[in-house]
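Everything on this sheet refers to the single structure shown next.
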Number of protein chains: 4
Amino acid sequence: MAFRSKLKIRFGDIDRAGIVYYPRFMHYFHVALEEFFAAELGVEYHTVIDTHRIGLPTVHLESDFRRPFSYGDNIEVEVRVLKLGRTSITFGYRVFKEGEADPRIVGHNVTVCLGMDNFQKMEFPTWIRHLFEQQLGSPAE
Amino acid sequence: MAFRSKLKIRFGDIDRAGIVYYPRFMHYFHVALEEFFAAELGVEYHTVIDTHRIGLPTVHLESDFRRPFSYGDNIEVEVRVLKLGRTSITFGYRVFKEGEADPRIVGHNVTVCLGMDNFQKMEFPTWIRHLFEQQLGSPAE
Amino acid sequence: MAFRSKLKIRFGDIDRAGIVYYPRFMHYFHVALEEFFAAELGVEYHTVIDTHRIGLPTVHLESDFRRPFSYGDNIEVEVRVLKLGRTSITFGYRVFKEGEADPRIVGHNVTVCLGMDNFQKMEFPTWIRHLFEQQLGSPAE
Amino acid sequence: MAFRSKLKIRFGDIDRAGIVYYPRFMHYFHVALEEFFAAELGVEYHTVIDTHRIGLPTVHLESDFRRPFSYGDNIEVEVRVLKLGRTSITFGYRVFKEGEADPRIVGHNVTVCLGMDNFQKMEFPTWIRHLFEQQLGSPAE
């Protein structure tokens with residue numbers, strides 16, 4: 001089963017229409033990604049940036065919002081590696097309301113490997129490529 | 001020329017990698033959309049929600065991030081109506097650094113017309129459809 | 001020992017100066033308060049607002065930021081009831097880096113009991129007053 | 001008349017209680033401070049940090065929230081220099097609804113002068129001290 005980060009819709013996440021302000025989900029995608037690094041790859045995301053000096057800026061983002069979430073909902077954000085290139089990696093996200101089988105949000109983002117010291121695109125170092133490869137093809141459920 | 005909302009990258013928009021945290025751009029898309037309603041449609045977005053009881057939740061989002069922005073950048077977020085259906089409307093966004101001809105971010109989101117009192121999808125009322133129609137086909141530049 | 005909510009400093013919490021953007025701590029205060037309601041009072045904050053129709057807007061806020069936090073820090077936000085009036089309640093917060101004995105941030109906010117249907121200040125209903133009273137005088141450590 | 005930054009309450013600023021999520025005002029304080037630097041001091045805040053390598057982290061914050069703001073409100077955030085020390089400066093903020101004489105929010109924060117290269121507290125360099133001094137004693141209205 002793919003990794004899931006358990007989160008909760010907060011008071012301040014709600015917008016004037018009474019549902020979650022959709023940019024907040026992009027933040028939740030990122031929080032879940034940070035948890036994914038720590039739990040599944042065994043390296044903290046901040047270590048990747050601050051120590052290994054590798055950044056993963058998003059160059060493409062797509063997301064479908066099928067049904068809304070409300071304040072107080074317990075959610076699970078699934079994270080998977082969908083595709084791995086020499087200089088880019090695509091992460092897939094599915095957001096479930098706790099206890100539901102169908103995701104309410106499905107999205108993915110393409111990120112590129114960036115050297116933090118020169119801000120140039122680079123190939124993934126072997127060590128991190130291996131970590132990503134182990135996650136390829138993990139079943140969605 | 002299409003509508004542009006002039007904004008500025010703020011201190012708190014920057015992430016650990018020293019560039020704009022990408023979920024902030026989804027917020028800027030929305031801020032620019034709110035400005036677009038007031039400036040181009042002649043009706044404030046909060047009036048649409050609070051008085052006319054119509055919401056426009058996002059059901060699909062796509063965005064390409066071609067080049068990053070830095071703290072202090074003056075930006076212009078262009079908003080256009082790309083497509084108008086009976087119950088949905090697609091807004092297009094392009095984000096320029098002030099003075100540049102090529103956008104650094106290009107995106108769009110599909111929103112649906114939602115009755116705020118029953119949270120059901122509905123057809124656009126005639127008055128707002130007419131406002132949207134006048135924006136269709138506005139040239140990108 | 002007083003209630004503590006365990007949180008983590010996220011990628012997007014960091015500002016241009018490389019430390020946590022201080023408004024984010026007000027958000028963390030609120031998240032910890034929401035957790036406090038669920039864990040210590042036995043009623044979810046969203047139930048208080050949505051079902052019991054009671055809001056707790058902040059009318060006064062004070063906070064000392066003694067030492068900064070960095071990306072990836074595990075933090076603990078302590079929440080206590082400092083003072084209980086007929087129509088107001090003061091919550092105290094202390095933010096610790098995991099494993100440290102001295103808090104890096106100490107703050108409190110005064111909130112008032114507001115009827116959500118008429119937005120008028122009101123006395124706390126007995127049931128919630130009793131819940132708050134049980135928390136009074138809980139030792140800081 | 002003291003400097004005022006004109007801002008607008010946005011869709012995503014609203015919380016579950018239908019008013020502005022109070023941590024957002026700390027963000028607005030900061031945005032207004034950034035505008036104050038550009039408009040009144042003649043130096044952009046990002047230049048102070050990125051070029052002059054001086055940061056101004058907040059060490060103390062106080063704020064009174066007298067009346068709430070709603071979605072769509074046009075607001076003016078007044079910024080003044082309240083107090084200037086050798087290594088610290090206190091900024092005062094008052095938030096008005098456009099057209100109103102009485103502020104709805106009154107607050108201040110104490111910030112310290114921090115060398116960004118060593119993260120040590122330092123005395124203000126003469127050039128920036130002079131800029132701050134010119135702002136001392138500006139009348140509130």
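In the structure tokens, each chain is lettered A, B, ... as it comes, each chain's residues begin at 1, and ligands are numbered from 1 in order of appearance.
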Contact set, chain C to chain D: 12 Å, only C-alpha atoms, as an MDAnalysis selection string: chainID C and resid 15:31 45:50 53:69 104:112 114:121
DSSP-assigned strand (DSSP E or B) among stretch 9-57 of chain C, expressed as number ranges by chain: C: 14, 20, 54-55
Non-local contacts of stretch 75-86 of chain B (7 Å; only C-alpha atoms; under 4 positions in same chain excluded) as JSON, numbers by chain: {"B": [2, 3, 4, 5, 6, 7, 8, 32, 33, 36, 90, 91, 92, 93, 94, 95, 96, 97, 98, 123, 124, 135, 136]}
Secondary structure check, helix (DSSP H, G or I) residues of stretch 22-140 of chain C, as a PyMOL selection string: chain C and resi 23-41+45-50+126-135
Written file, previous selection with C-alpha atoms, as a PDB file, in the first residue's frame:
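Result file follows (again_3.pdb):
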```
ATOM      1  CA  PRO C  23       2.808  34.961  11.407  1.00  0.00           C
ATOM      2  CA  ARG C  24       3.034  31.191  10.949  1.00  0.00           C
ATOM      3  CA  PHE C  25       3.309  30.812  14.722  1.00  0.00           C
ATOM      4  CA  MET C  26      -0.083  32.420  15.177  1.00  0.00           C
ATOM      5  CA  HIS C  27      -1.360  29.716  12.844  1.00  0.00           C
ATOM      6  CA  TYR C  28       0.423  27.076  14.910  1.00  0.00           C
ATOM      7  CA  PHE C  29      -1.100  28.524  18.085  1.00  0.00           C
ATOM      8  CA  HIS C  30      -4.496  28.007  16.494  1.00  0.00           C
ATOM      9  CA  VAL C  31      -3.770  24.498  15.250  1.00  0.00           C
ATOM     10  CA  ALA C  32      -2.590  23.554  18.751  1.00  0.00           C
ATOM     11  CA  LEU C  33      -5.746  25.107  20.215  1.00  0.00           C
ATOM     12  CA  GLU C  34      -7.857  22.960  17.887  1.00  0.00           C
ATOM     13  CA  GLU C  35      -5.944  19.872  19.035  1.00  0.00           C
ATOM     14  CA  PHE C  36      -6.386  20.961  22.663  1.00  0.00           C
ATOM     15  CA  PHE C  37     -10.161  21.063  22.243  1.00  0.00           C
ATOM     16  CA  ALA C  38     -10.271  17.559  20.816  1.00  0.00           C
ATOM     17  CA  ALA C  39      -7.768  15.983  23.205  1.00  0.00           C
ATOM     18  CA  GLU C  40      -8.389  17.792  26.485  1.00  0.00           C
ATOM     19  CA  LEU C  41     -11.943  19.135  26.340  1.00  0.00           C
ATOM     20  CA  TYR C  45     -13.408  22.950  17.795  1.00  0.00           C
ATOM     21  CA  HIS C  46     -15.369  22.652  14.554  1.00  0.00           C
ATOM     22  CA  THR C  47     -18.278  21.141  16.497  1.00  0.00           C
ATOM     23  CA  VAL C  48     -18.211  24.145  18.855  1.00  0.00           C
ATOM     24  CA  ILE C  49     -18.516  26.482  15.889  1.00  0.00           C
ATOM     25  CA  ASP C  50     -20.681  24.518  13.479  1.00  0.00           C
ATOM     26  CA  THR C 126     -22.545  26.167  31.353  1.00  0.00           C
ATOM     27  CA  TRP C 127     -21.381  23.025  29.590  1.00  0.00           C
ATOM     28  CA  ILE C 128     -18.387  24.682  27.966  1.00  0.00           C
ATOM     29  CA  ARG C 129     -17.598  26.753  31.056  1.00  0.00           C
ATOM     30  CA  HIS C 130     -17.301  23.505  33.017  1.00  0.00           C
ATOM     31  CA  LEU C 131     -14.913  22.084  30.449  1.00  0.00           C
ATOM     32  CA  PHE C 132     -12.751  25.186  30.615  1.00  0.00           C
ATOM     33  CA  GLU C 133     -12.807  25.248  34.440  1.00  0.00           C
ATOM     34  CA  GLN C 134     -11.316  21.771  34.601  1.00  0.00           C
ATOM     35  CA  GLN C 135      -8.315  23.083  32.694  1.00  0.00           C
TER      36      GLN C 135
END
```
